[in-house]
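Enquirer: Here it is, the structure in full.
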Amino acid sequence: MKYWRDDFELDWTLRDIGGGRLKLSPITEDQLSELLEMGFVEIVDDQVKLTEAGNRKIQ
């Protein structure tokens, strides 16, 4: 992982996305690109949403 210090930090980022808290805890375009490549998020109607893989990662 390039933008997260550890798995814990990545999980919290995914939880923020799942909870709709990107305005409070924004991510960079580079972070978004990496999450897209990892298959944890997708863009739906111009919003970042967790994929099934992203949801499994934080369960």
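By convention in this document, the chains of the structure tokens carry letters A, B, ... by their order, each chain's residues are numbered from 1, and ligands are numbered from 1 in the order they are shown.
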Going by DSSP on the backbone, which bits of chain A are helix (DSSP H, G or I)? Write them as a ChimeraX atom specification, please.
Expert: /A:7-18,29-38,52-58
Enquirer: Write the residues of the selection above to a file with C-alpha atoms, as a compact mmCIF listing (two decimals), in the first residue's frame.
Expert:
# COMPACT_ATOMS: atom_id res chain seq x y z
CA ASP A 7 -3.96 -1.97 7.29
CA PHE A 8 -5.65 -0.26 10.24
CA GLU A 9 -5.46 3.14 8.54
CA LEU A 10 -6.80 1.68 5.29
CA ASP A 11 -9.74 0.13 7.14
CA TRP A 12 -10.62 3.47 8.73
CA THR A 13 -10.51 5.15 5.34
CA LEU A 14 -12.88 2.52 3.96
CA ARG A 15 -15.17 2.99 6.98
CA ASP A 16 -15.22 6.75 6.34
CA ILE A 17 -16.20 6.11 2.73
CA GLY A 18 -18.89 3.61 3.74
CA GLU A 29 -7.10 11.68 -6.01
CA ASP A 30 -4.08 9.37 -5.69
CA GLN A 31 -5.67 7.54 -2.77
CA LEU A 32 -8.92 7.21 -4.73
CA SER A 33 -7.05 5.84 -7.73
CA GLU A 34 -5.34 3.25 -5.55
CA LEU A 35 -8.61 2.20 -3.91
CA LEU A 36 -10.18 1.84 -7.36
CA GLU A 37 -7.26 -0.30 -8.52
CA MET A 38 -7.52 -2.45 -5.39
CA GLU A 52 -18.48 -5.88 -2.07
CA ALA A 53 -14.71 -6.39 -1.63
CA GLY A 54 -14.45 -3.09 0.26
CA ASN A 55 -17.27 -4.10 2.59
CA ARG A 56 -15.67 -7.51 3.21
CA LYS A 57 -12.34 -5.81 4.00
CA ILE A 58 -13.82 -3.87 6.92
Enquirer: To one decimal place, how far is CA of Leu22 (chain A) from CA of Val48 (chain A) in Å?
Expert: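 Distance reported for this atom pair: 8.8 Å.
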Enquirer: Quick one: pull the distance between CA of Gly19 (chain A) and CA of Gln59 (chain A), Å, one decimal.
Expert: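 Between these atoms lies a distance of 13.5 Å.
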